[in-house]
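Student: PDB, C-alpha atoms, pLDDT in the B column, saved as coords36.pdb, coming up:
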```
ATOM      1  CA  MET A1034      69.386 -14.711 -63.462  1.00 62.00           C
ATOM      2  CA  SER A1035      72.793 -15.059 -61.847  1.00 75.00           C
ATOM      3  CA  ARG A1036      73.404 -14.030 -58.263  1.00 73.00           C
ATOM      4  CA  ARG A1037      75.553 -11.046 -59.159  1.00 78.00           C
ATOM      5  CA  ALA A1038      73.239  -9.779 -61.912  1.00 80.00           C
ATOM      6  CA  GLY A1039      70.205 -10.053 -59.621  1.00 75.00           C
ATOM      7  CA  ILE A1040      71.859  -8.035 -56.867  1.00 77.00           C
ATOM      8  CA  ILE A1041      73.034  -5.318 -59.269  1.00 83.00           C
ATOM      9  CA  VAL A1042      69.647  -5.018 -61.010  1.00 82.00           C
ATOM     10  CA  GLY A1043      67.817  -5.024 -57.683  1.00 77.00           C
ATOM     11  CA  CYS A1044      69.975  -2.260 -56.208  1.00 85.00           C
ATOM     12  CA  CYS A1045      69.602  -0.120 -59.346  1.00 88.00           C
ATOM     13  CA  LEU A1046      65.817  -0.503 -59.366  1.00 83.00           C
ATOM     14  CA  LEU A1047      65.604   0.287 -55.659  1.00 83.00           C
ATOM     15  CA  ALA A1048      67.636   3.483 -56.095  1.00 88.00           C
ATOM     16  CA  LEU A1049      65.663   4.616 -59.148  1.00 88.00           C
ATOM     17  CA  GLY A1050      62.324   3.676 -57.604  1.00 81.00           C
ATOM     18  CA  SER A1051      63.103   5.614 -54.426  1.00 86.00           C
ATOM     19  CA  LEU A1052      63.957   8.715 -56.426  1.00 87.00           C
ATOM     20  CA  VAL A1053      60.826   8.513 -58.596  1.00 82.00           C
ATOM     21  CA  ALA A1054      58.511   7.743 -55.664  1.00 80.00           C
ATOM     22  CA  VAL A1055      59.865  10.626 -53.564  1.00 82.00           C
ATOM     23  CA  SER A1056      59.498  12.976 -56.556  1.00 78.00           C
ATOM     24  CA  GLY A1057      55.871  11.952 -56.989  1.00 71.00           C
ATOM     25  CA  LEU A1058      55.182  12.418 -53.278  1.00 77.00           C
ATOM     26  CA  VAL A1059      56.790  15.864 -53.254  1.00 74.00           C
ATOM     27  CA  LEU A1060      54.751  16.950 -56.290  1.00 69.00           C
ATOM     28  CA  LEU A1061      51.573  15.612 -54.711  1.00 68.00           C
ATOM     29  CA  VAL A1062      52.165  17.524 -51.478  1.00 68.00           C
ATOM     30  CA  ALA A1063      53.300  20.717 -53.244  1.00 66.00           C
ATOM     31  CA  PHE A1064      50.396  21.019 -55.677  1.00 66.00           C
ATOM     32  CA  GLY A1065      47.727  19.747 -53.305  1.00 62.00           C
ATOM     33  CA  SER A1066      44.237  18.610 -54.197  1.00 58.00           C
ATOM     34  CA  ALA A1067      43.509  21.519 -56.571  1.00 60.00           C
ATOM     35  CA  GLY A1068      46.697  21.150 -58.612  1.00 57.00           C
ATOM     36  CA  GLY A1069      48.050  24.495 -57.462  1.00 69.00           C
ATOM     37  CA  LEU A1070      51.225  25.669 -55.768  1.00 76.00           C
ATOM     38  CA  HIS A1071      50.699  28.846 -53.713  1.00 77.00           C
ATOM     39  CA  THR A1072      52.826  30.926 -51.371  1.00 82.00           C
ATOM     40  CA  GLY A1073      51.953  33.742 -49.038  1.00 75.00           C
ATOM     41  CA  PRO A1074      50.753  36.073 -47.987  1.00 88.00           C
ATOM     42  CA  HIS A1075      54.114  37.785 -47.637  1.00 91.00           C
ATOM     43  CA  PRO A1076      54.957  41.451 -47.037  1.00 91.00           C
ATOM     44  CA  LEU A1077      56.015  43.250 -50.224  1.00 93.00           C
ATOM     45  CA  THR A1078      57.514  46.660 -49.590  1.00 92.00           C
ATOM     46  CA  THR A1079      59.496  49.233 -51.520  1.00 94.00           C
ATOM     47  CA  SER A1080      60.102  52.934 -51.096  1.00 94.00           C
ATOM     48  CA  SER A1081      59.798  53.371 -54.874  1.00 96.00           C
ATOM     49  CA  ARG A1082      56.663  53.467 -57.050  1.00 96.00           C
ATOM     50  CA  ALA A1083      56.585  49.808 -58.066  1.00 96.00           C
ATOM     51  CA  LEU A1084      57.895  46.369 -57.286  1.00 96.00           C
ATOM     52  CA  VAL A1085      58.524  44.766 -60.686  1.00 96.00           C
ATOM     53  CA  SER A1086      59.487  41.216 -61.597  1.00 94.00           C
ATOM     54  CA  SER A1087      62.268  40.405 -64.006  1.00 94.00           C
ATOM     55  CA  VAL A1088      61.135  39.538 -67.536  1.00 94.00           C
ATOM     56  CA  ALA A1089      59.399  36.159 -67.830  1.00 92.00           C
ATOM     57  CA  ASP A1090      60.019  34.719 -71.297  1.00 93.00           C
ATOM     58  CA  ILE A1091      57.197  32.225 -71.907  1.00 90.00           C
ATOM     59  CA  SER A1092      57.248  29.996 -74.978  1.00 86.00           C
ATOM     60  CA  ASN A1093      55.450  26.850 -76.179  1.00 81.00           C
ATOM     61  CA  ALA A1094      52.537  27.433 -73.818  1.00 74.00           C
ATOM     62  CA  GLY A1095      50.157  25.850 -76.305  1.00 71.00           C
ATOM     63  CA  ALA A1096      52.194  22.651 -76.484  1.00 72.00           C
ATOM     64  CA  SER A1097      52.345  22.327 -72.698  1.00 66.00           C
ATOM     65  CA  ASP A1098      48.578  22.910 -72.475  1.00 62.00           C
ATOM     66  CA  ALA A1099      48.046  19.700 -74.452  1.00 65.00           C
ATOM     67  CA  VAL A1100      49.889  17.749 -71.738  1.00 67.00           C
ATOM     68  CA  LEU A1101      49.343  19.731 -68.542  1.00 68.00           C
ATOM     69  CA  GLY A1102      46.089  21.549 -69.265  1.00 72.00           C
ATOM     70  CA  GLN A1103      45.729  25.334 -69.314  1.00 78.00           C
ATOM     71  CA  SER A1104      48.096  26.512 -66.604  1.00 84.00           C
ATOM     72  CA  ARG A1105      47.342  29.790 -64.881  1.00 88.00           C
ATOM     73  CA  ILE A1106      48.999  32.262 -62.535  1.00 91.00           C
ATOM     74  CA  ASP A1107      47.171  33.552 -59.438  1.00 92.00           C
ATOM     75  CA  LEU A1108      48.298  36.785 -57.772  1.00 94.00           C
ATOM     76  CA  SER A1109      46.882  39.016 -55.059  1.00 95.00           C
ATOM     77  CA  ALA A1110      47.782  42.219 -53.233  1.00 95.00           C
ATOM     78  CA  THR A1111      46.214  43.213 -49.920  1.00 94.00           C
ATOM     79  CA  THR A1112      46.373  46.733 -48.507  1.00 92.00           C
ATOM     80  CA  ARG A1113      48.077  47.200 -45.151  1.00 86.00           C
ATOM     81  CA  GLY A1114      46.074  49.942 -43.475  1.00 75.00           C
ATOM     82  CA  ASP A1115      46.436  52.955 -45.802  1.00 75.00           C
ATOM     83  CA  ASP A1116      44.036  54.607 -48.254  1.00 78.00           C
ATOM     84  CA  ARG A1117      46.224  54.480 -51.367  1.00 87.00           C
ATOM     85  CA  GLY A1118      44.883  51.084 -52.364  1.00 92.00           C
ATOM     86  CA  ALA A1119      46.702  48.166 -53.940  1.00 95.00           C
ATOM     87  CA  PHE A1120      47.283  47.147 -57.541  1.00 96.00           C
ATOM     88  CA  VAL A1121      48.687  43.993 -59.127  1.00 97.00           C
ATOM     89  CA  GLY A1122      49.078  43.472 -62.853  1.00 97.00           C
ATOM     90  CA  ILE A1123      50.729  41.392 -65.553  1.00 97.00           C
ATOM     91  CA  GLY A1124      51.740  43.192 -68.716  1.00 97.00           C
ATOM     92  CA  PRO A1125      53.958  42.876 -71.795  1.00 97.00           C
ATOM     93  CA  ALA A1126      57.504  43.663 -70.714  1.00 97.00           C
ATOM     94  CA  ASP A1127      58.074  46.428 -73.265  1.00 97.00           C
ATOM     95  CA  ALA A1128      54.797  48.156 -72.369  1.00 97.00           C
ATOM     96  CA  VAL A1129      55.563  47.995 -68.644  1.00 97.00           C
ATOM     97  CA  ASP A1130      59.035  49.411 -69.269  1.00 96.00           C
ATOM     98  CA  ARG A1131      57.588  52.349 -71.221  1.00 96.00           C
ATOM     99  CA  TYR A1132      54.995  53.043 -68.534  1.00 97.00           C
ATOM    100  CA  LEU A1133      57.543  53.019 -65.701  1.00 97.00           C
ATOM    101  CA  GLY A1134      60.356  54.632 -67.707  1.00 94.00           C
ATOM    102  CA  GLY A1135      62.141  57.279 -65.637  1.00 93.00           C
ATOM    103  CA  ALA A1136      60.305  56.364 -62.424  1.00 96.00           C
ATOM    104  CA  ALA A1137      61.941  54.932 -59.327  1.00 97.00           C
ATOM    105  CA  ILE A1138      61.214  51.209 -59.161  1.00 97.00           C
ATOM    106  CA  GLU A1139      62.618  48.061 -57.585  1.00 96.00           C
ATOM    107  CA  VAL A1140      63.216  45.030 -59.822  1.00 96.00           C
ATOM    108  CA  VAL A1141      63.041  41.501 -58.369  1.00 94.00           C
ATOM    109  CA  THR A1142      66.127  39.623 -59.541  1.00 92.00           C
ATOM    110  CA  ASP A1143      65.589  36.407 -57.578  1.00 88.00           C
ATOM    111  CA  PHE A1144      63.378  34.904 -54.897  1.00 80.00           C
ATOM    112  CA  ASP A1145      63.250  31.924 -52.556  1.00 79.00           C
ATOM    113  CA  VAL A1146      60.058  30.180 -51.488  1.00 71.00           C
ATOM    114  CA  ALA A1147      61.097  28.518 -48.218  1.00 67.00           C
ATOM    115  CA  PRO A1148      61.863  30.730 -46.450  1.00 73.00           C
ATOM    116  CA  PHE A1149      60.324  33.414 -48.618  1.00 77.00           C
ATOM    117  CA  GLN A1150      62.851  36.051 -49.611  1.00 81.00           C
ATOM    118  CA  LEU A1151      63.171  38.530 -52.461  1.00 85.00           C
ATOM    119  CA  SER A1152      66.416  39.759 -53.965  1.00 90.00           C
ATOM    120  CA  THR A1153      65.874  43.149 -55.602  1.00 92.00           C
ATOM    121  CA  GLN A1154      67.761  45.796 -57.544  1.00 94.00           C
ATOM    122  CA  PRO A1155      66.587  49.397 -57.082  1.00 94.00           C
ATOM    123  CA  ARG A1156      66.454  51.725 -60.077  1.00 95.00           C
ATOM    124  CA  ALA A1157      66.570  55.419 -59.336  1.00 95.00           C
ATOM    125  CA  GLY A1158      64.199  57.845 -61.040  1.00 93.00           C
ATOM    126  CA  SER A1159      62.138  60.974 -60.473  1.00 92.00           C
ATOM    127  CA  ALA A1160      59.300  60.655 -62.992  1.00 94.00           C
ATOM    128  CA  THR A1161      55.702  60.387 -61.859  1.00 94.00           C
ATOM    129  CA  VAL A1162      53.292  57.881 -63.398  1.00 95.00           C
ATOM    130  CA  GLY A1163      49.557  57.756 -63.850  1.00 93.00           C
ATOM    131  CA  ALA A1164      47.337  55.372 -61.932  1.00 95.00           C
ATOM    132  CA  PRO A1165      48.174  51.852 -63.129  1.00 96.00           C
ATOM    133  CA  GLY A1166      44.521  50.847 -63.430  1.00 94.00           C
ATOM    134  CA  SER A1167      43.975  53.482 -66.120  1.00 95.00           C
ATOM    135  CA  GLN A1168      46.520  51.857 -68.465  1.00 96.00           C
ATOM    136  CA  ASP A1169      45.203  49.660 -71.262  1.00 95.00           C
ATOM    137  CA  PHE A1170      48.180  47.360 -71.913  1.00 97.00           C
ATOM    138  CA  TRP A1171      47.705  44.926 -69.017  1.00 97.00           C
ATOM    139  CA  VAL A1172      46.857  41.338 -69.983  1.00 97.00           C
ATOM    140  CA  ALA A1173      45.481  40.895 -66.465  1.00 97.00           C
ATOM    141  CA  HIS A1174      45.166  43.306 -63.541  1.00 96.00           C
ATOM    142  CA  ALA A1175      43.215  43.984 -60.385  1.00 96.00           C
ATOM    143  CA  GLU A1176      43.055  46.864 -57.922  1.00 95.00           C
ATOM    144  CA  THR A1177      41.320  47.773 -54.698  1.00 93.00           C
ATOM    145  CA  ARG A1178      41.049  50.817 -52.466  1.00 88.00           C
ATOM    146  CA  SER A1179      40.799  48.594 -49.420  1.00 86.00           C
ATOM    147  CA  GLY A1180      40.974  44.853 -49.023  1.00 89.00           C
ATOM    148  CA  THR A1181      42.469  42.469 -51.555  1.00 93.00           C
ATOM    149  CA  ALA A1182      43.017  42.731 -55.305  1.00 94.00           C
ATOM    150  CA  GLN A1183      43.099  39.290 -56.960  1.00 94.00           C
ATOM    151  CA  LEU A1184      43.776  38.143 -60.507  1.00 94.00           C
ATOM    152  CA  SER A1185      44.072  34.892 -62.436  1.00 93.00           C
ATOM    153  CA  TRP A1186      45.768  34.770 -65.811  1.00 94.00           C
ATOM    154  CA  THR A1187      45.986  31.859 -68.244  1.00 92.00           C
ATOM    155  CA  VAL A1188      49.624  31.528 -69.321  1.00 91.00           C
ATOM    156  CA  ARG A1189      50.356  32.567 -72.910  1.00 92.00           C
ATOM    157  CA  ASP A1190      53.508  32.971 -74.996  1.00 93.00           C
ATOM    158  CA  GLY A1191      55.350  36.259 -74.716  1.00 95.00           C
ATOM    159  CA  ASP A1192      57.608  38.396 -72.506  1.00 96.00           C
ATOM    160  CA  TYR A1193      55.868  39.640 -69.370  1.00 97.00           C
ATOM    161  CA  ARG A1194      56.448  41.440 -66.097  1.00 96.00           C
ATOM    162  CA  VAL A1195      54.461  41.264 -62.858  1.00 96.00           C
ATOM    163  CA  VAL A1196      53.917  44.637 -61.149  1.00 97.00           C
ATOM    164  CA  PHE A1197      52.813  45.505 -57.605  1.00 97.00           C
ATOM    165  CA  MET A1198      51.939  49.159 -56.997  1.00 96.00           C
ATOM    166  CA  ASN A1199      49.701  51.482 -55.043  1.00 96.00           C
ATOM    167  CA  ALA A1200      46.396  51.987 -56.846  1.00 94.00           C
ATOM    168  CA  ASP A1201      47.101  55.714 -57.256  1.00 93.00           C
ATOM    169  CA  GLY A1202      50.667  55.208 -58.546  1.00 94.00           C
ATOM    170  CA  SER A1203      52.244  56.903 -55.527  1.00 95.00           C
ATOM    171  CA  PRO A1204      55.616  55.824 -54.082  1.00 94.00           C
ATOM    172  CA  VAL A1205      56.163  53.653 -50.980  1.00 94.00           C
ATOM    173  CA  VAL A1206      54.381  50.393 -51.729  1.00 95.00           C
ATOM    174  CA  ASN A1207      53.441  48.287 -48.712  1.00 93.00           C
ATOM    175  CA  VAL A1208      51.153  45.328 -49.389  1.00 94.00           C
ATOM    176  CA  ASP A1209      50.796  41.645 -48.588  1.00 94.00           C
ATOM    177  CA  GLY A1210      51.225  39.579 -51.732  1.00 93.00           C
ATOM    178  CA  THR A1211      50.476  35.988 -52.689  1.00 91.00           C
ATOM    179  CA  PHE A1212      51.819  34.013 -55.629  1.00 88.00           C
ATOM    180  CA  GLY A1213      50.472  30.842 -57.172  1.00 86.00           C
ATOM    181  CA  ILE A1214      50.578  28.653 -60.239  1.00 84.00           C
ATOM    182  CA  VAL A1215      47.859  26.137 -61.064  1.00 84.00           C
ATOM    183  CA  VAL A1216      48.582  23.157 -63.337  1.00 78.00           C
ATOM    184  CA  PRO A1217      45.389  21.119 -63.953  1.00 74.00           C
ATOM    185  CA  ALA A1218      47.264  17.882 -64.665  1.00 69.00           C
ATOM    186  CA  ALA A1219      49.649  18.217 -61.709  1.00 68.00           C
ATOM    187  CA  ARG A1220      47.689  15.933 -59.376  1.00 72.00           C
ATOM    188  CA  PRO A1221      47.179  12.985 -61.771  1.00 72.00           C
ATOM    189  CA  LEU A1222      50.800  13.285 -62.932  1.00 76.00           C
ATOM    190  CA  SER A1223      51.928  13.241 -59.305  1.00 72.00           C
ATOM    191  CA  PHE A1224      49.924  10.067 -58.678  1.00 74.00           C
ATOM    192  CA  ALA A1225      51.300   8.472 -61.858  1.00 80.00           C
ATOM    193  CA  THR A1226      54.876   9.317 -60.861  1.00 80.00           C
ATOM    194  CA  LEU A1227      54.309   7.890 -57.379  1.00 80.00           C
ATOM    195  CA  VAL A1228      52.844   4.661 -58.788  1.00 84.00           C
ATOM    196  CA  VAL A1229      55.761   4.226 -61.222  1.00 86.00           C
ATOM    197  CA  GLY A1230      58.181   4.694 -58.338  1.00 82.00           C
ATOM    198  CA  LEU A1231      56.408   2.075 -56.223  1.00 86.00           C
ATOM    199  CA  VAL A1232      56.423  -0.390 -59.144  1.00 86.00           C
ATOM    200  CA  LEU A1233      60.169   0.123 -59.590  1.00 84.00           C
ATOM    201  CA  LEU A1234      60.695  -0.415 -55.871  1.00 84.00           C
ATOM    202  CA  ALA A1235      58.724  -3.667 -55.998  1.00 86.00           C
ATOM    203  CA  GLY A1236      60.727  -4.822 -59.015  1.00 83.00           C
ATOM    204  CA  GLY A1237      63.954  -3.992 -57.212  1.00 79.00           C
ATOM    205  CA  VAL A1238      62.966  -6.003 -54.139  1.00 83.00           C
ATOM    206  CA  LEU A1239      61.999  -8.987 -56.305  1.00 84.00           C
ATOM    207  CA  ALA A1240      65.230  -8.854 -58.329  1.00 81.00           C
ATOM    208  CA  LEU A1241      67.278  -8.600 -55.130  1.00 78.00           C
ATOM    209  CA  ILE A1242      65.521 -11.609 -53.573  1.00 82.00           C
ATOM    210  CA  LEU A1243      66.034 -13.716 -56.704  1.00 78.00           C
ATOM    211  CA  GLY A1244      69.664 -12.679 -56.867  1.00 74.00           C
ATOM    212  CA  LEU A1245      70.329 -13.588 -53.224  1.00 75.00           C
ATOM    213  CA  ARG A1246      68.665 -16.980 -53.692  1.00 76.00           C
ATOM    214  CA  ALA A1247      70.586 -17.834 -56.854  1.00 71.00           C
ATOM    215  CA  PRO A1248      73.471 -20.347 -56.507  1.00 72.00           C
ATOM    216  CA  THR A1249      76.932 -18.852 -56.348  1.00 67.00           C
ATOM    217  CA  GLY A1250      78.124 -21.055 -59.292  1.00 58.00           C
ATOM    218  CA  PRO A1251      78.639 -24.715 -60.369  1.00 57.00           C
ATOM    219  CA  VAL A1252      80.822 -26.916 -58.143  1.00 48.00           C
ATOM    220  CA  GLU A1253      83.705 -28.476 -60.032  1.00 44.00           C
ATOM    221  CA  ALA A1254      83.246 -32.202 -60.494  1.00 45.00           C
ATOM    222  CA  GLY A1255      85.850 -34.502 -58.994  1.00 46.00           C
ATOM    223  CA  VAL A1256      87.181 -31.947 -56.563  1.00 46.00           C
ATOM    224  CA  ALA A1257      87.951 -33.307 -53.092  1.00 46.00           C
ATOM    225  CA  GLY A1258      89.882 -31.425 -50.529  1.00 49.00           C
ATOM    226  CA  GLY A1259      90.846 -28.839 -53.115  1.00 50.00           C
ATOM    227  CA  ARG A1260      92.895 -31.328 -55.223  1.00 53.00           C
ATOM    228  CA  PRO A1261      91.738 -33.243 -58.306  1.00 53.00           C
ATOM    229  CA  GLU A1262      91.510 -37.039 -57.988  1.00 53.00           C
ATOM    230  CA  GLN A1263      94.380 -39.000 -59.584  1.00 56.00           C
ATOM    231  CA  SER A1264      93.450 -41.649 -62.119  1.00 54.00           C
ATOM    232  CA  PRO A1265      94.935 -45.069 -61.368  1.00 57.00           C
ATOM    233  CA  GLU A1266      97.823 -46.110 -63.518  1.00 57.00           C
ATOM    234  CA  PRO A1267      96.900 -48.637 -66.241  1.00 56.00           C
ATOM    235  CA  THR A1268      97.599 -52.238 -65.282  1.00 55.00           C
ATOM    236  CA  ALA A1269      97.613 -53.667 -68.768  1.00 52.00           C
ATOM    237  CA  GLY A1270     100.672 -55.867 -69.449  1.00 50.00           C
ATOM    238  CA  ARG A1271     101.327 -56.665 -65.800  1.00 50.00           C
ATOM    239  CA  ARG A1272     101.432 -60.267 -64.735  1.00 45.00           C
TER     240      ARG A1272
END
```
Take the structure in this file and express it as structure tokens.
Tutor:
Amino acid sequence: MSRRAGIIVGCCLLALGSLVAVSGLVLLVAFGSAGGLHTGPHPLTTSSRALVSSVADISNAGASDAVLGQSRIDLSATTRGDDRGAFVGIGPADAVDRYLGGAAIEVVTDFDVAPFQLSTQPRAGSATVGAPGSQDFWVAHAETRSGTAQLSWTVRDGDYRVVFMNADGSPVVNVDGTFGIVVPAARPLSFATLVVGLVLLAGGVLALILGLRAPTGPVEAGVAGGRPEQSPEPTAGRR
């Protein structure tokens, strides 16, 4: 390997290895020992009847299960000192829209994890709704009159919305909510990514050392003082 090639390859491997290793470390810290990423609890409040997520379009869940394991979503809602209870549910988007049609709700359009912040869009309405727990379209739901309502749902293909409400369907929701996603293969994949990054870093260091030790290039033969030696003139024929 030439000096220049060794230095270039070494620098490239060091840059790539650093990126991969940091990514693996971040994933390992984020998903923790149980392979889950959780936030909260955080206050979730709205003066309307429900805090509703935007539509989650999930596809190819079966294919990802083969690689990542059966991923699941964990949600909880904890009452904050009133007797109206707390409800949290995941339902098909069209069924949720029919249930809450005409009622005042607040739709989450975006959110940040650190720091936690929700961006919402209120939708005016005057319709009343029945207690959410009495509806039969939820794919997963939980409710409590006091304490914490918790659910876990294995991710499946489809269009879904997450809904936080009072257990009696009344307006002015005020609960503490938690959000989480569990990926069974997250921890081993994080370790694998970290190991690959460390291997690339080691390869980069080795290539850089070899490149720095390589000779700069062949020295031209017969060069002295920067000028080529002159051959003596032929003496044949001289007496």
Student: From the list A:Ala1182, A:Val1195, A:Leu1070, A:Val1146, which residue is nearest Ala1128 in chain A when using only C-alpha atoms?
Tutor: A:Val1195
Student: Evaluated on this file, the PyMOL selection byres ((chain A and resi 1075-1084) around 8) picks out some residues - which ones are they, written as a tab-separated table (two decimals) with C-alpha atoms, keeping the file's coordinate frame?
Tutor:
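For reference, part_10.tsv as written:
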```tsv
chain	number	residue	atom	x	y	z
A	1072	THR	CA	52.83	30.93	-51.37
A	1073	GLY	CA	51.95	33.74	-49.04
A	1074	PRO	CA	50.75	36.07	-47.99
A	1085	VAL	CA	58.52	44.77	-60.69
A	1086	SER	CA	59.49	41.22	-61.60
A	1136	ALA	CA	60.30	56.36	-62.42
A	1137	ALA	CA	61.94	54.93	-59.33
A	1138	ILE	CA	61.21	51.21	-59.16
A	1139	GLU	CA	62.62	48.06	-57.58
A	1140	VAL	CA	63.22	45.03	-59.82
A	1141	VAL	CA	63.04	41.50	-58.37
A	1149	PHE	CA	60.32	33.41	-48.62
A	1196	VAL	CA	53.92	44.64	-61.15
A	1197	PHE	CA	52.81	45.50	-57.60
A	1198	MET	CA	51.94	49.16	-57.00
A	1199	ASN	CA	49.70	51.48	-55.04
A	1202	GLY	CA	50.67	55.21	-58.55
A	1203	SER	CA	52.24	56.90	-55.53
A	1204	PRO	CA	55.62	55.82	-54.08
A	1205	VAL	CA	56.16	53.65	-50.98
A	1206	VAL	CA	54.38	50.39	-51.73
A	1207	ASN	CA	53.44	48.29	-48.71
A	1208	VAL	CA	51.15	45.33	-49.39
A	1209	ASP	CA	50.80	41.64	-48.59
A	1210	GLY	CA	51.22	39.58	-51.73
A	1211	THR	CA	50.48	35.99	-52.69
```
Student: Expanded to explicit residues, what is the PyMOL selection byres ((chain A and resi 1162-1169) around 7) for this file, as an MDAnalysis selection string?
Tutor: chainID A and resid 1133 1160:1161 1170:1171 1176 1200:1202
Student: Which residue gives the smallest distance to Ile1123 in chain A among A:Gly1236, A:Gly1244, A:Gly1191, A:Pro1217, with only C-alpha atoms counted?
Tutor: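 Closest residue, counting only C-alpha atoms: A:Gly1191.
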Student: Can you give me, as a ChimeraX atom specification, the residues this file yields under the PyMOL selection byres ((chain A and resi 1042) around 12)?
Tutor: /A:1034-1041,1043-1050,1233-1234,1236-1245
Student: For a quick check of understanding, using only C-alpha atoms, which of A:Gly1230, A:Pro1155, A:Gly1124, A:Pro1221 has the smallest distance to His1174 in chain A?
Tutor: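 When distances to His1174 in chain A are compared using only C-alpha atoms, the smallest one comes from A:Gly1124.
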Student: For a quick check of understanding, using only C-alpha atoms, which of A:Ser1056, A:Thr1111, A:Ser1159, A:Ser1051 has the smallest distance to Arg1178 in chain A?
Tutor: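 Closest candidate: A:Thr1111.
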Student: What does the distance from CA of Ala1175 in chain A to CA of Asp1143 in chain A come to in Å, to one decimal?
Tutor: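 Distance reported for this atom pair: 23.8 Å.
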Student: So that I can see what lies close to Ile1106 in chain A, please list as a VMD selection string the residues with an atom at most 7 Å from it, counting only C-alpha atoms and leaving out residues fewer than 4 positions away in the same chain.
Tutor: chain A and resid 1185 to 1188 1213 to 1215
Student: Identify which of the residues A:Gly1114, A:Arg1131, A:Ala1247, A:Ser1223 lies closest to Ala1054 in chain A, counting all atoms listed in the file when measuring atom-to-atom distances.
Tutor: A:Ser1223
Student: Mind giving me the straight-line distance from CA of Thr1112 in chain A to CA of Gln1154 in chain A in Å, one decimal?
Tutor: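 These atoms are spaced 23.2 Å apart.
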Student: What gap, in Å, lies between CA of Asn1093 in chain A and CA of Leu1222 in chain A?
Tutor: 19.5 Å
Student: For Tyr1193 in chain A, list every protein, DNA or RNA residue within 8 Å, evaluated using all atoms listed in the file, and leave out those in the same chain fewer than 6 positions away; present the list as a ChimeraX atom specification.
Tutor: /A:1088-1091,1123-1126
